[in-house]
Amino acid sequence: MPPSTAAPERFQASQTEWDRIAESKEFRDLMATKKTFIVPAIVVFVVYYFALPFLVGYAPSFMATKVVGVVNLAYLFALSQFFVAWLIAWLYVRAADKFDTLSNDIIRQADSGRKGK
Amino acid sequence: MSTPLVMFLGFIAVTLGITYWASKRSSGQSAYFAASRQIKGWQNGIAVAGDYMSAASFLGIAGIIAFQGYDGFMYSVGWLVAYLTVLLVVAEPLRNAGRYTMADVLAYRLKPRPVRAMASISTLTVSTFYMIAQMVGAGALVALLLKGSGISYRTAVIGVGLLMIVYVVFGGMLATTWVQIIKAILLMAGTILLSLLVLGHFHFSFSEFFSAIGQVTYHDKGQVVVKDFLQPGLRFKPPYGALDLMSLGMALIFGTAGLPHILVRFYTVPDAKTARHSVVWAMALIGSFYIMTTFLGFGAATIVGRDFISTHGGTNMSAPLLAQSLAGDIFFAFISAIAFATILAVVAGLTISASTSFAHDFWTAVIHKGVERKPGEEVLVARVSAFVIGAVAISIAILLGPTANVAFLVALAFAVAASANLPVIVLSIYWRRFNTTGAVTGLAVGLLASIGLILVSPSLMAIDPPTVTGTARHLIQAKALFPLENPGILSIPLGFAGAILGTLLSHEPSSEHKFNELLVRSNTGLGAEKAGAH
């Protein structure tokens, strides 16, 4: 075994080949598909999450409004965060199946391109 | 022998058995550092949950809710939502492009030596601070739980430290992973049982439970107080409470995705898709657990009461005391053993991520310019450094003593992860222009800003009355210069600003050229490290 930390069977390619893949239509489609899901998802969860400390911190009497018995808006909003987080995660996993299909096509093309040489 | 001690010993026996089994499968880099990347998605998900749900969550959150009601539950929310950042932003690119540490991803397009050196310093800082907080807590707790067995704080710290060293040095990532899995299952089982018992106490009636929370009675300065514990504001008070809450939220949401011991877990699975599924598994467990802190915390507030907890070990004992009052000594022993398992598993996870970073990033890449002089050297260095890190953590924990004010170390670990690690990970994956100078300045500014702001925060700066003595006293006896306990709201923007300014003020065309390679690798998984031992 040569005295190297490089993994033996790792996919290597020339700079031009990486550039070619990065600029291919397939790869740009993948990035666009990812972006249409991931960017809005991040915005939604960040806004929804920070609304909680913001409202609890700056509108405590509003958040103390009782809804059912002593259960107030603050507790229900906090509890809802768990379900919203799970929902976004579930939606992401569904969307990511599409990402996988697109990435697998790109990997297959790159591999066959190399074997053809 | 007391029942808690018997249960502790049972857990130790099982985990040492696993370590022996794992030690025969842990030769070679990929096996030792990444469990040969053959951990299944659900297993890694449970292990991530195990790594994350520390004693601070199990005992700490239950205690904060028991004493300060709703405001404690705010912590619970942030701990889960933070996993969306892990899921959407870092887990898959990291698995696709890296090998053993977070610095692997940075080193792709940037100059490896300066970047790995800084990343390694940041990783070691986060891990050792977090570890010392856990060890001090562990020692105090174990000594308290085993009261009557003649086990002192010092013995407890040494015991916990030695066990974690054995798991990591001999069993590597495989043993550490299984210790996390067992601990997480025990923790979930204990929490579910305890929650059911709390509900049972209120005749399985939510309205009875919540109306009890609406009027929690305790003594404060000799006066009887009745408070609605679902009302916000018992912990975070004006003028800075609201800002501190936002700042804490930022540190959790951006820090979790920068915690080295969580990030390395994604290298133990075969591919990015499995990494994704493991985050979802982790979110299911972590979310259910934190929802149940409602029963643990409010249960302790209503059934045991602040007065009793204060005189029987303090806030951290809320959950074990709740167990005792609901189901007697055997259940108290069971919950105590879970707390012990929790601490052990978390410190083991921290140790392996710190020692991996030292061996892989610092020893091989920085000192020896990326070339292992002999096969197996990197793993050997990791084993030795795990031993050294463990010994250092044991010594510091003993020097500080059981009453040391260490809660700020956890806040510090999250602040550094959020302000130093996360900005450079995100920018290196997503910003073409990013370069080595930016990474180094970003890591340095994030690290220094977090440490600096914590030093002058109320956690370390305050004027104590003369009755407070020793290490429980604040380090600097003066009014705090920075009013918040959590520096995130300022240190995170500073970390990003450092990274961006450093980049804009320098030129490194090679980093921009190599961006396409990292972009393709991290987004498609082309050429990602495969599972299997070699």
# chains A, B, ... in the order shown; residues from 1 in each chain; ligands from 1
$ residues_around --residues "Leu55 (chain A)" --least-positions-apart "3" --cutoff "12 Å" --atoms "only C-alpha atoms" --output "ChimeraX atom specification"
/A:47-52,58-64,73-75,77-78 /B:74,232-233,241-243,245-246
$ select_by_dssp --residues "region 1-87 of chain A" --states "helix (DSSP H, G or I)" --output "ChimeraX atom specification"
/A:15-23,25-58,60-63,73-87
$ interface_residues --of "chain A" --to "chain B" --cutoff "8 Å" --atoms "only C-alpha atoms" --output "PyMOL selection string"
chain A and resi 1+3-5+10-12+15+18-19+21-22+27+31+38+42+45+49-50+53-54+56-58+60+63-64+69-72+74-75+78-79+81-82+85-86+88-90+92-93+100+103-104+106-107
$ atom_distance --atom1 "CA of Arg95 (chain B)" --atom2 "CA of Met118 (chain B)"
20.9 Å
$ select_by_dssp --residues "chain A" --states "strand (DSSP E or B)" --output "PyMOL selection string"
chain A and resi 66-68+71-72
$ write_last_selection --atoms "C-alpha atoms" --output "tab-separated table (two decimals), in the first residue's frame"
chain	number	residue	atom	x	y	z
A	66	LYS	CA	-55.85	31.44	26.92
A	67	VAL	CA	-57.32	29.21	24.25
A	68	VAL	CA	-58.55	26.06	26.03
A	71	VAL	CA	-53.58	26.28	27.59
A	72	ASN	CA	-52.46	29.49	25.97
$ residues_around --residues "region 146-160 of chain B" --least-positions-apart "2" --cutoff "12 Å" --atoms "only C-alpha atoms" --output "PDB file with N, CA and C atoms, in the first residue's frame"
ATOM      1  N   MET B   1     -25.107  -3.271  48.012  1.00  0.00           N
ATOM      2  CA  MET B   1     -24.936  -2.367  46.876  1.00  0.00           C
ATOM      3  C   MET B   1     -26.282  -1.738  46.515  1.00  0.00           C
ATOM      4  N   SER B   2     -26.268  -0.456  46.245  1.00  0.00           N
ATOM      5  CA  SER B   2     -27.540   0.224  45.954  1.00  0.00           C
ATOM      6  C   SER B   2     -28.042  -0.147  44.556  1.00  0.00           C
ATOM      7  N   THR B   3     -29.366  -0.039  44.376  1.00  0.00           N
ATOM      8  CA  THR B   3     -29.944  -0.393  43.078  1.00  0.00           C
ATOM      9  C   THR B   3     -29.406   0.452  41.929  1.00  0.00           C
ATOM     10  N   PRO B   4     -29.269   1.804  42.090  1.00  0.00           N
ATOM     11  CA  PRO B   4     -28.713   2.555  40.965  1.00  0.00           C
ATOM     12  C   PRO B   4     -27.341   2.027  40.548  1.00  0.00           C
ATOM     13  N   LEU B   5     -26.509   1.670  41.535  1.00  0.00           N
ATOM     14  CA  LEU B   5     -25.164   1.206  41.219  1.00  0.00           C
ATOM     15  C   LEU B   5     -25.215  -0.081  40.399  1.00  0.00           C
ATOM     16  N   VAL B   6     -26.137  -1.006  40.784  1.00  0.00           N
ATOM     17  CA  VAL B   6     -26.272  -2.258  40.037  1.00  0.00           C
ATOM     18  C   VAL B   6     -26.640  -1.957  38.589  1.00  0.00           C
ATOM     19  N   MET B   7     -27.578  -1.015  38.398  1.00  0.00           N
ATOM     20  CA  MET B   7     -27.999  -0.698  37.024  1.00  0.00           C
ATOM     21  C   MET B   7     -26.871  -0.019  36.241  1.00  0.00           C
ATOM     22  N   PHE B   8     -26.113   0.864  36.896  1.00  0.00           N
ATOM     23  CA  PHE B   8     -24.948   1.485  36.240  1.00  0.00           C
ATOM     24  C   PHE B   8     -24.003   0.391  35.756  1.00  0.00           C
ATOM     25  N   LEU B   9     -23.724  -0.563  36.660  1.00  0.00           N
ATOM     26  CA  LEU B   9     -22.765  -1.615  36.320  1.00  0.00           C
ATOM     27  C   LEU B   9     -23.288  -2.471  35.164  1.00  0.00           C
ATOM     28  N   ILE B  12     -22.597  -0.591  32.036  1.00  0.00           N
ATOM     29  CA  ILE B  12     -21.158  -0.616  31.748  1.00  0.00           C
ATOM     30  C   ILE B  12     -20.762  -1.968  31.160  1.00  0.00           C
ATOM     31  N   MET B 131     -17.446  18.986  26.426  1.00  0.00           N
ATOM     32  CA  MET B 131     -17.117  17.800  27.221  1.00  0.00           C
ATOM     33  C   MET B 131     -16.912  18.157  28.688  1.00  0.00           C
ATOM     34  N   ILE B 132     -16.202  19.257  28.945  1.00  0.00           N
ATOM     35  CA  ILE B 132     -15.955  19.640  30.335  1.00  0.00           C
ATOM     36  C   ILE B 132     -17.287  19.938  31.035  1.00  0.00           C
ATOM     37  N   ALA B 133     -18.198  20.618  30.318  1.00  0.00           N
ATOM     38  CA  ALA B 133     -19.515  20.892  30.904  1.00  0.00           C
ATOM     39  C   ALA B 133     -20.204  19.587  31.278  1.00  0.00           C
ATOM     40  N   GLN B 134     -20.130  18.605  30.378  1.00  0.00           N
ATOM     41  CA  GLN B 134     -20.784  17.316  30.640  1.00  0.00           C
ATOM     42  C   GLN B 134     -20.119  16.585  31.801  1.00  0.00           C
ATOM     43  N   MET B 135     -18.762  16.649  31.838  1.00  0.00           N
ATOM     44  CA  MET B 135     -18.035  15.899  32.872  1.00  0.00           C
ATOM     45  C   MET B 135     -18.290  16.459  34.264  1.00  0.00           C
ATOM     46  N   VAL B 136     -18.289  17.791  34.381  1.00  0.00           N
ATOM     47  CA  VAL B 136     -18.553  18.391  35.695  1.00  0.00           C
ATOM     48  C   VAL B 136     -19.965  18.010  36.134  1.00  0.00           C
ATOM     49  N   GLY B 137     -20.919  18.131  35.197  1.00  0.00           N
ATOM     50  CA  GLY B 137     -22.296  17.753  35.499  1.00  0.00           C
ATOM     51  C   GLY B 137     -22.374  16.286  35.885  1.00  0.00           C
ATOM     52  N   ALA B 138     -21.661  15.453  35.119  1.00  0.00           N
ATOM     53  CA  ALA B 138     -21.700  14.010  35.349  1.00  0.00           C
ATOM     54  C   ALA B 138     -21.188  13.659  36.737  1.00  0.00           C
ATOM     55  N   GLY B 139     -20.053  14.258  37.083  1.00  0.00           N
ATOM     56  CA  GLY B 139     -19.454  13.937  38.371  1.00  0.00           C
ATOM     57  C   GLY B 139     -20.387  14.288  39.516  1.00  0.00           C
ATOM     58  N   ALA B 140     -20.942  15.517  39.445  1.00  0.00           N
ATOM     59  CA  ALA B 140     -21.837  15.957  40.511  1.00  0.00           C
ATOM     60  C   ALA B 140     -23.059  15.051  40.576  1.00  0.00           C
ATOM     61  N   LEU B 141     -23.566  14.708  39.398  1.00  0.00           N
ATOM     62  CA  LEU B 141     -24.793  13.924  39.321  1.00  0.00           C
ATOM     63  C   LEU B 141     -24.594  12.498  39.810  1.00  0.00           C
ATOM     64  N   VAL B 142     -23.530  11.863  39.304  1.00  0.00           N
ATOM     65  CA  VAL B 142     -23.298  10.473  39.691  1.00  0.00           C
ATOM     66  C   VAL B 142     -23.074  10.382  41.197  1.00  0.00           C
ATOM     67  N   ALA B 143     -22.301  11.339  41.721  1.00  0.00           N
ATOM     68  CA  ALA B 143     -22.065  11.331  43.165  1.00  0.00           C
ATOM     69  C   ALA B 143     -23.388  11.468  43.933  1.00  0.00           C
ATOM     70  N   LEU B 144     -24.282  12.307  43.400  1.00  0.00           N
ATOM     71  CA  LEU B 144     -25.573  12.532  44.047  1.00  0.00           C
ATOM     72  C   LEU B 144     -26.479  11.308  43.916  1.00  0.00           C
ATOM     73  N   LEU B 162     -12.657   7.429  32.171  1.00  0.00           N
ATOM     74  CA  LEU B 162     -11.958   6.210  31.737  1.00  0.00           C
ATOM     75  C   LEU B 162     -12.837   5.379  30.817  1.00  0.00           C
ATOM     76  N   LEU B 163     -14.119   5.269  31.155  1.00  0.00           N
ATOM     77  CA  LEU B 163     -15.011   4.492  30.301  1.00  0.00           C
ATOM     78  C   LEU B 163     -15.077   5.069  28.898  1.00  0.00           C
ATOM     79  N   MET B 164     -15.214   6.401  28.820  1.00  0.00           N
ATOM     80  CA  MET B 164     -15.324   7.009  27.490  1.00  0.00           C
ATOM     81  C   MET B 164     -14.028   6.792  26.716  1.00  0.00           C
ATOM     82  N   ILE B 165     -12.875   6.831  27.415  1.00  0.00           N
ATOM     83  CA  ILE B 165     -11.601   6.589  26.733  1.00  0.00           C
ATOM     84  C   ILE B 165     -11.571   5.150  26.183  1.00  0.00           C
ATOM     85  N   VAL B 166     -12.025   4.199  26.997  1.00  0.00           N
ATOM     86  CA  VAL B 166     -12.018   2.798  26.548  1.00  0.00           C
ATOM     87  C   VAL B 166     -12.899   2.622  25.314  1.00  0.00           C
ATOM     88  N   TYR B 167     -14.124   3.166  25.352  1.00  0.00           N
ATOM     89  CA  TYR B 167     -15.009   3.031  24.183  1.00  0.00           C
ATOM     90  C   TYR B 167     -14.316   3.547  22.928  1.00  0.00           C
ATOM     91  N   HIS B 312     -33.500  18.715  47.696  1.00  0.00           N
ATOM     92  CA  HIS B 312     -33.045  17.341  47.432  1.00  0.00           C
ATOM     93  C   HIS B 312     -32.168  17.255  46.199  1.00  0.00           C
ATOM     94  N   GLY B 313     -31.239  18.195  46.052  1.00  0.00           N
ATOM     95  CA  GLY B 313     -30.262  18.074  44.966  1.00  0.00           C
ATOM     96  C   GLY B 313     -30.378  19.146  43.902  1.00  0.00           C
ATOM     97  N   PHE B 332     -36.490   5.134  40.256  1.00  0.00           N
ATOM     98  CA  PHE B 332     -35.486   6.177  40.463  1.00  0.00           C
ATOM     99  C   PHE B 332     -34.127   5.664  39.981  1.00  0.00           C
ATOM    100  N   ALA B 333     -33.812   4.420  40.334  1.00  0.00           N
ATOM    101  CA  ALA B 333     -32.539   3.838  39.926  1.00  0.00           C
ATOM    102  C   ALA B 333     -32.467   3.725  38.408  1.00  0.00           C
ATOM    103  N   SER B 336     -31.975   7.128  36.909  1.00  0.00           N
ATOM    104  CA  SER B 336     -30.608   7.572  37.195  1.00  0.00           C
ATOM    105  C   SER B 336     -29.612   6.877  36.273  1.00  0.00           C
ATOM    106  N   ALA B 337     -29.827   5.575  36.057  1.00  0.00           N
ATOM    107  CA  ALA B 337     -28.931   4.835  35.171  1.00  0.00           C
ATOM    108  C   ALA B 337     -29.012   5.392  33.761  1.00  0.00           C
ATOM    109  N   PHE B 340     -26.992   8.485  33.567  1.00  0.00           N
ATOM    110  CA  PHE B 340     -25.578   8.109  33.520  1.00  0.00           C
ATOM    111  C   PHE B 340     -25.180   7.664  32.108  1.00  0.00           C
ATOM    112  N   ALA B 341     -26.013   6.795  31.508  1.00  0.00           N
ATOM    113  CA  ALA B 341     -25.751   6.316  30.147  1.00  0.00           C
ATOM    114  C   ALA B 341     -25.707   7.487  29.180  1.00  0.00           C
ATOM    115  N   THR B 342     -26.608   8.448  29.377  1.00  0.00           N
ATOM    116  CA  THR B 342     -26.690   9.621  28.517  1.00  0.00           C
ATOM    117  C   THR B 342     -25.392  10.402  28.527  1.00  0.00           C
ATOM    118  N   ILE B 343     -24.878  10.650  29.727  1.00  0.00           N
ATOM    119  CA  ILE B 343     -23.644  11.421  29.852  1.00  0.00           C
ATOM    120  C   ILE B 343     -22.480  10.686  29.197  1.00  0.00           C
ATOM    121  N   LEU B 344     -22.378   9.386  29.505  1.00  0.00           N
ATOM    122  CA  LEU B 344     -21.277   8.592  28.961  1.00  0.00           C
ATOM    123  C   LEU B 344     -21.280   8.592  27.442  1.00  0.00           C
ATOM    124  N   ALA B 345     -22.449   8.387  26.865  1.00  0.00           N
ATOM    125  CA  ALA B 345     -22.541   8.303  25.414  1.00  0.00           C
ATOM    126  C   ALA B 345     -22.163   9.631  24.782  1.00  0.00           C
ATOM    127  N   VAL B 346     -22.640  10.731  25.351  1.00  0.00           N
ATOM    128  CA  VAL B 346     -22.348  12.034  24.749  1.00  0.00           C
ATOM    129  C   VAL B 346     -20.855  12.353  24.835  1.00  0.00           C
ATOM    130  N   VAL B 347     -20.228  12.091  25.981  1.00  0.00           N
ATOM    131  CA  VAL B 347     -18.794  12.402  26.059  1.00  0.00           C
ATOM    132  C   VAL B 347     -17.989  11.502  25.119  1.00  0.00           C
ATOM    133  N   ALA B 348     -18.433  10.264  24.924  1.00  0.00           N
ATOM    134  CA  ALA B 348     -17.725   9.402  23.979  1.00  0.00           C
ATOM    135  C   ALA B 348     -17.828   9.964  22.562  1.00  0.00           C
ATOM    136  N   GLY B 390      -9.201  12.822  26.777  1.00  0.00           N
ATOM    137  CA  GLY B 390      -9.942  12.308  27.929  1.00  0.00           C
ATOM    138  C   GLY B 390      -9.259  12.668  29.239  1.00  0.00           C
ATOM    139  N   ALA B 391      -7.942  12.491  29.273  1.00  0.00           N
ATOM    140  CA  ALA B 391      -7.191  12.780  30.495  1.00  0.00           C
ATOM    141  C   ALA B 391      -7.277  14.264  30.840  1.00  0.00           C
ATOM    142  N   VAL B 392      -7.170  15.119  29.816  1.00  0.00           N
ATOM    143  CA  VAL B 392      -7.258  16.561  30.050  1.00  0.00           C
ATOM    144  C   VAL B 392      -8.644  16.922  30.595  1.00  0.00           C
ATOM    145  N   ALA B 393      -9.692  16.358  29.975  1.00  0.00           N
ATOM    146  CA  ALA B 393     -11.058  16.673  30.425  1.00  0.00           C
ATOM    147  C   ALA B 393     -11.273  16.216  31.865  1.00  0.00           C
ATOM    148  N   ILE B 394     -10.748  15.024  32.210  1.00  0.00           N
ATOM    149  CA  ILE B 394     -10.877  14.525  33.590  1.00  0.00           C
ATOM    150  C   ILE B 394     -10.193  15.502  34.552  1.00  0.00           C
ATOM    151  N   SER B 395      -8.952  15.907  34.217  1.00  0.00           N
ATOM    152  CA  SER B 395      -8.197  16.782  35.122  1.00  0.00           C
ATOM    153  C   SER B 395      -8.901  18.115  35.315  1.00  0.00           C
ATOM    154  N   ILE B 396      -9.353  18.722  34.198  1.00  0.00           N
ATOM    155  CA  ILE B 396     -10.009  20.029  34.333  1.00  0.00           C
ATOM    156  C   ILE B 396     -11.280  19.892  35.152  1.00  0.00           C
ATOM    157  N   ALA B 397     -12.055  18.826  34.904  1.00  0.00           N
ATOM    158  CA  ALA B 397     -13.312  18.650  35.641  1.00  0.00           C
ATOM    159  C   ALA B 397     -13.042  18.490  37.139  1.00  0.00           C
ATOM    160  N   ILE B 398     -11.955  17.783  37.483  1.00  0.00           N
ATOM    161  CA  ILE B 398     -11.634  17.611  38.906  1.00  0.00           C
ATOM    162  C   ILE B 398     -11.177  18.934  39.518  1.00  0.00           C
ATOM    163  N   LEU B 399     -10.338  19.674  38.754  1.00  0.00           N
ATOM    164  CA  LEU B 399      -9.869  20.970  39.259  1.00  0.00           C
ATOM    165  C   LEU B 399     -11.027  21.941  39.496  1.00  0.00           C
ATOM    166  N   LEU B 400     -11.984  21.954  38.574  1.00  0.00           N
ATOM    167  CA  LEU B 400     -13.104  22.888  38.708  1.00  0.00           C
ATOM    168  C   LEU B 400     -14.002  22.524  39.876  1.00  0.00           C
ATOM    169  N   GLY B 401     -14.196  21.221  40.095  1.00  0.00           N
ATOM    170  CA  GLY B 401     -15.033  20.790  41.216  1.00  0.00           C
ATOM    171  C   GLY B 401     -16.516  20.809  40.893  1.00  0.00           C
ATOM    172  N   PRO B 402     -17.311  20.125  41.736  1.00  0.00           N
ATOM    173  CA  PRO B 402     -18.724  19.896  41.416  1.00  0.00           C
ATOM    174  C   PRO B 402     -19.591  21.149  41.415  1.00  0.00           C
ATOM    175  N   THR B 403     -19.151  22.229  42.082  1.00  0.00           N
ATOM    176  CA  THR B 403     -20.035  23.388  42.141  1.00  0.00           C
ATOM    177  C   THR B 403     -19.688  24.431  41.094  1.00  0.00           C
TER     178      THR B 403
END
$ residues_around --residues "Leu490 (chain B)" --least-positions-apart "5" --cutoff "12 Å" --atoms "only C-alpha atoms" --output "ChimeraX atom specification"
/B:243-244,246-248,250-251,415-416,418-419,445-446,448-454,482-485,495-497
$ atom_distance --atom1 "CA of Thr191 (chain B)" --atom2 "CA of Gly63 (chain B)"
14.1 Å
$ atom_distance --atom1 "CA of Pro465 (chain B)" --atom2 "CA of Lys479 (chain B)"
13.0 Å
$ closest_residue --among "B:Thr315, B:Thr503, B:Thr437, B:Thr268" --to "Tyr32 (chain B)" --atoms "only C-alpha atoms"
B:Thr268
$ decode --residues "region 355-371 of chain B" --atoms "N, CA and C atoms" --output "PDB file, in the first residue's frame"
ATOM      1  N   SER B 355     -10.823  13.707  18.538  1.00  0.00           N
ATOM      2  CA  SER B 355      -9.570  13.015  18.241  1.00  0.00           C
ATOM      3  C   SER B 355      -9.435  12.749  16.740  1.00  0.00           C
ATOM      4  N   THR B 356     -10.561  12.500  16.062  1.00  0.00           N
ATOM      5  CA  THR B 356     -10.508  12.329  14.611  1.00  0.00           C
ATOM      6  C   THR B 356     -10.003  13.601  13.951  1.00  0.00           C
ATOM      7  N   SER B 357     -10.525  14.748  14.404  1.00  0.00           N
ATOM      8  CA  SER B 357     -10.109  16.001  13.802  1.00  0.00           C
ATOM      9  C   SER B 357      -8.627  16.258  14.059  1.00  0.00           C
ATOM     10  N   PHE B 358      -8.165  15.942  15.266  1.00  0.00           N
ATOM     11  CA  PHE B 358      -6.744  16.166  15.550  1.00  0.00           C
ATOM     12  C   PHE B 358      -5.879  15.294  14.645  1.00  0.00           C
ATOM     13  N   ALA B 359      -6.223  13.998  14.550  1.00  0.00           N
ATOM     14  CA  ALA B 359      -5.382  13.080  13.775  1.00  0.00           C
ATOM     15  C   ALA B 359      -5.453  13.371  12.281  1.00  0.00           C
ATOM     16  N   HIS B 360      -6.685  13.520  11.780  1.00  0.00           N
ATOM     17  CA  HIS B 360      -6.895  13.623  10.339  1.00  0.00           C
ATOM     18  C   HIS B 360      -6.538  15.023   9.826  1.00  0.00           C
ATOM     19  N   ASP B 361      -7.003  16.059  10.540  1.00  0.00           N
ATOM     20  CA  ASP B 361      -6.779  17.420  10.052  1.00  0.00           C
ATOM     21  C   ASP B 361      -5.425  17.973  10.481  1.00  0.00           C
ATOM     22  N   PHE B 362      -5.112  17.786  11.759  1.00  0.00           N
ATOM     23  CA  PHE B 362      -3.920  18.470  12.256  1.00  0.00           C
ATOM     24  C   PHE B 362      -2.658  17.647  12.041  1.00  0.00           C
ATOM     25  N   TRP B 363      -2.654  16.401  12.514  1.00  0.00           N
ATOM     26  CA  TRP B 363      -1.444  15.589  12.437  1.00  0.00           C
ATOM     27  C   TRP B 363      -1.068  15.287  10.987  1.00  0.00           C
ATOM     28  N   THR B 364      -1.958  14.612  10.286  1.00  0.00           N
ATOM     29  CA  THR B 364      -1.607  14.182   8.932  1.00  0.00           C
ATOM     30  C   THR B 364      -1.553  15.356   7.956  1.00  0.00           C
ATOM     31  N   ALA B 365      -2.621  16.190   7.950  1.00  0.00           N
ATOM     32  CA  ALA B 365      -2.708  17.193   6.889  1.00  0.00           C
ATOM     33  C   ALA B 365      -1.844  18.421   7.156  1.00  0.00           C
ATOM     34  N   VAL B 366      -1.806  18.883   8.393  1.00  0.00           N
ATOM     35  CA  VAL B 366      -1.070  20.121   8.649  1.00  0.00           C
ATOM     36  C   VAL B 366       0.404  19.834   8.920  1.00  0.00           C
ATOM     37  N   ILE B 367       0.683  18.915   9.841  1.00  0.00           N
ATOM     38  CA  ILE B 367       2.080  18.676  10.204  1.00  0.00           C
ATOM     39  C   ILE B 367       2.806  17.876   9.129  1.00  0.00           C
ATOM     40  N   HIS B 368       2.139  16.841   8.601  1.00  0.00           N
ATOM     41  CA  HIS B 368       2.830  15.998   7.629  1.00  0.00           C
ATOM     42  C   HIS B 368       2.358  16.206   6.192  1.00  0.00           C
ATOM     43  N   LYS B 369       1.791  17.380   5.933  1.00  0.00           N
ATOM     44  CA  LYS B 369       1.428  17.798   4.581  1.00  0.00           C
ATOM     45  C   LYS B 369       0.573  16.785   3.826  1.00  0.00           C
ATOM     46  N   GLY B 370      -0.330  16.135   4.527  1.00  0.00           N
ATOM     47  CA  GLY B 370      -1.303  15.285   3.848  1.00  0.00           C
ATOM     48  C   GLY B 370      -0.828  13.886   3.546  1.00  0.00           C
ATOM     49  N   VAL B 371       0.377  13.512   3.996  1.00  0.00           N
ATOM     50  CA  VAL B 371       0.861  12.173   3.691  1.00  0.00           C
ATOM     51  C   VAL B 371       1.081  11.394   4.987  1.00  0.00           C
TER      52      VAL B 371
END
